[in-house]
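Engineer: Just dropping this structure here.
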Amino acid sequence: MVTTIYFSETMTRPATKVLLPILLLFCSITHLLGQNELISGKVIDQETGFPIPGVHIIFPDHHMVTISDSIGQFKVTVPKSETLNLQVSHLGYTQEIFHYKTGSELKVSLKPSSTELNHTIQVTASKRQQATVTETRSLTLLSEKEIFSSASRTTPELLMNTAGIWLQKTNHGGGSPIIRGLTGNQIVLINDGIRMNNAIYRYGPNQYLSTIDPGTLNTIEVVRGTGSLLYGSDAIGGVIQLFSQSPEFNTTTKSFRFSGKASTRFLTSRMQTGGSIQLNGEGQRFAFSSNIAHDQFGDLVAGRGIGVQSPSGYRQFSGNIKTAFRLTDRDILYASHQNLIQNHVPRFDQVNLGGFSRYEFNPQSQSITYFRLQHTGKTRWTEKVTATVYFNALREGLTTEKSGSSIESTFTDLVQTTGANVEILSRPKRFWTTQTGVEFFKDVVSSRGKKRFLSTSITETTRGNYADGSTLGSMAVFSNHQLETNHFLVSGGARYTGSKIEIVDPAFGNQQFNPSALVCGGGITWKASKNLFPYISVQTGFRAPNIDDLSKFGTVEAGIFEIPANDLKPERSTGIESGIKFASKKSAFSLSGFQTNLSNIIERVPALYLGQTDYENRKVFKKENLGEAIFRGLEVQSELSILHHLKARGHFTYTYGENQTKEEPSRRIPPAFGQASLHYDLSRTINIAVFWNKAGKQSRLSSGDLADKRISSRLRDGAMPGWQTIDLVAGYTAGKLKTQLAIRNIFNEAYRMYGSGVDGYGRHASITIQWSI
């Protein structure tokens, strides 16, 4: 196949972009003064001759990167030279280095790879393009093809049964990944380089990942383990980065062309009915990508003997648009707006176990707007400069009514975030690469409550879930470096973060905190051979207390009422990971062992409110720094090419967590779990996969687990039962039509993901139909 390479800043999605007029003027001047030439080419599949879109092409001699367009073509302006060296990579194809003479169109032919594990390029672990096989971190990657073929209902469910990630679901409209024993606000979520975690991201499992429409995503990259060096507070357990689909420029003609897709998806038992329309526009200087979608999710139907779990269904609408303006040959300005709203999202566990007749989020919405300037420099010190300004708004409405009560309570929480960041990728020497950045954001919290007496319709204002008008601000600077020789790749860096938290609370007292943290990390990969790469990494991390920790007042889990805390210190972590990665033409595997030590743990402890241990028939708790914990475990991933079109994959994860202060297991530690699968792919026409998903029983329970009715209600002989399911997924492509059929949990196993408030899907089928226009 021929691979066309185009240097586009989209491949550096996680990097932040600059919006400074001075920089723009500088870029324009340097462009006019330079002696450049226009290079064009095309990338194709060596076996089929089909064009390959989205291929990453690196011009190492000129510090430039581009990406092939929807028909495999590319154009890029580079300094004049007699020869060109290209490094080419794309998922499913072998990485290649090509050498060309200038003066003619470049034709790049890529050979399909028999395996994909450790053959891909990622950017999240080091904020630069780097092969996964040489990275000193463990990674879980989902490509655009895998996202479509998974036929997942929500973004959290995309991560279900993936390597190293356990998915907890408090409700059907939620989903909280657990990575190396940690979840909620101990994992940072990044969307197109924009931080999603804010001042009210909750302790323990939360639903915020579900506010991103999976139909808008191009790839997902997950770094398992501490990532505070590059991503700041909350990145103790890991980093989940989502990349949305990006507009592509028309590099081949002067005309403006349009393309699009129409998709629809159905789940049996009316668990999903929905569709989306995507429209793209491609010009030489302007391009856009847009998407609207609507879904009606019915009540979850669980496995044998359980059946319908009502209420659990809800409605969802999303709309997204991303534009790109090519200001100069080296400068691109992106503007993006993403919006998703969910209505009447119930918590089944609170209705089933918590004593409520009604408990629903309405609305639950996320809005993200950003402007990003991306500059490709001409010097080694400014190989890439990106600057971003962004505005986020997270709105969470909650309506509750207790069983037998005539009072309806409504809470509305709104967090508005303003942020900016600038990052510079430099390559001072061929063997030395650096990433340096500064970041700032400020969260403003609006929180209100209201009671309505149903018998009289009289309403009264109450305190919200949080102290209204509270703020959280943060500023940080970081620098990370990689040194690469023929035999080793060494990385290391540091980050300083300073924060300011102001709680305005007439009822419980005003508070002001100024937590700060200095973290560092580093690693080394040994290139033992062309296929074998042992590595070791050490990282320190932190999580600053947020407004949810300090100011929460209300019901949380079934049976628990939380009151505000004070004098909390940042959680601290030290993580060490060692492993080995192997990649050859026919097989690949990665094996990693890890240990994370956590101190100043913020946890709920029994407390008094109005002199009582109970309030509204629930036990009173507040948060405190409670001591220390240790998490250790083992992760394995493998892939084997059996025949030309047939491959086997598998992964296994084991996590052990111990609260050393309480001398008991840590909360919500997943059981040992894994997956084995067979994949048959016939060119681009037919794909069939069979998955065996397995989880062991979990008998190591903390006191908090035993008090959690979501867990205790499903224990058998003092343990959460293990389970296994089998899934079948098949896809067919004919021209512009793509279809995907999935049959999940074929034997209708009844099970619950450990820690969840709803059960797993029973046997069901889904069909996805996509038509390209």
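Residue names in the structure tokens use chain letters A, B, ... in the order shown, residue numbers from 1 in each chain, and ligand numbers from 1 in the order shown.
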Report the residues of segment 371-577 of chain A whose backbone DSSP state falls under alpha helix (DSSP H), written as number ranges by chain.
Structural biologist: A: 547-551
Engineer: Kindly provide the residues of segment 328-424 of chain A that approach segment 464-486 of chain A to within 8 Å, each paired with its closest atom pair and their distance in Å to one decimal, based on only C-alpha atoms, listed by chain and increasing number, as a tab-separated table.
Structural biologist:
residue	atom	partner	partner_atom	distance
A:Phe411	CA	A:Gly464	CA	5.9
A:Thr412	CA	A:Gly464	CA	7.1
A:Asp413	CA	A:Asn465	CA	7.4
Engineer: Based on the selection just made, write C-alpha atoms of those residues as a CSV table (one decimal), in the first residue's frame.
Structural biologist:
chain,number,residue,atom,x,y,z
A,411,PHE,CA,-30.0,20.6,43.6
A,412,THR,CA,-28.2,22.4,40.8
A,413,ASP,CA,-24.4,22.5,40.6
Engineer: If we count only C-alpha atoms, what is near Thr461 of chain A at a cut-off of 10 Å, once residues fewer than 2 positions away on the same chain are taken out, given as a count of residues only?
Structural biologist: 10
Engineer: For each of A:Phe561, A:Phe589, A:Tyr359, A:Phe453, take the minimum atom-to-atom distance to Thr399 of chain A, counting only C-alpha atoms, then give the residue where this is smallest.
Structural biologist: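 Using only C-alpha atoms, Thr399 of chain A sits closest to A:Tyr359.
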Engineer: Counting only C-alpha atoms, which residue out of A:Trp166, A:Phe652, A:Phe266, A:Tyr208 sits closest to Ile767 of chain A?
Structural biologist: A:Phe266
Engineer: With only C-alpha atoms as the counted atoms, please give the residues lying no more than 7 Å from Asn191 of chain A, apart from itself and same-chain residues fewer than 4 positions off, as an mmCIF file with N, CA and C atoms, in the first residue's frame.
Structural biologist:
data_model
loop_
_atom_site.group_PDB
_atom_site.id
_atom_site.type_symbol
_atom_site.label_atom_id
_atom_site.label_comp_id
_atom_site.auth_asym_id
_atom_site.auth_seq_id
_atom_site.Cartn_x
_atom_site.Cartn_y
_atom_site.Cartn_z
ATOM 1 N N ARG A 195 -8.191 19.646 30.171
ATOM 2 C CA ARG A 195 -8.442 18.959 31.436
ATOM 3 C C ARG A 195 -9.936 18.991 31.764
ATOM 4 N N MET A 196 -10.522 17.802 32.025
ATOM 5 C CA MET A 196 -11.927 17.720 32.390
ATOM 6 C C MET A 196 -12.143 17.766 33.898
ATOM 7 N N GLN A 241 -6.871 9.955 28.035
ATOM 8 C CA GLN A 241 -6.933 11.051 27.066
ATOM 9 C C GLN A 241 -7.799 10.642 25.880
ATOM 10 N N LEU A 242 -8.785 11.500 25.565
ATOM 11 C CA LEU A 242 -9.709 11.278 24.464
ATOM 12 C C LEU A 242 -9.366 12.235 23.333
ATOM 13 N N PHE A 243 -9.305 11.720 22.107
ATOM 14 C CA PHE A 243 -9.032 12.554 20.938
ATOM 15 C C PHE A 243 -10.252 12.523 20.032
#
Engineer: I'd like the neighbourhood of Leu715 of chain A as a list in words, where a residue qualifies if any of its atoms comes within 12 Å (using only C-alpha atoms), though same-chain residues fewer than 6 positions away should be ignored.
Structural biologist: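 What passes the distance filter is Lys697, Gln698, Ser699, Arg700, Leu701, Asp705, Leu706, Ala707, Asp708, Lys709, Pro721, Gly722, Tyr751, Arg752, Tyr754 and Gly755 of chain A.
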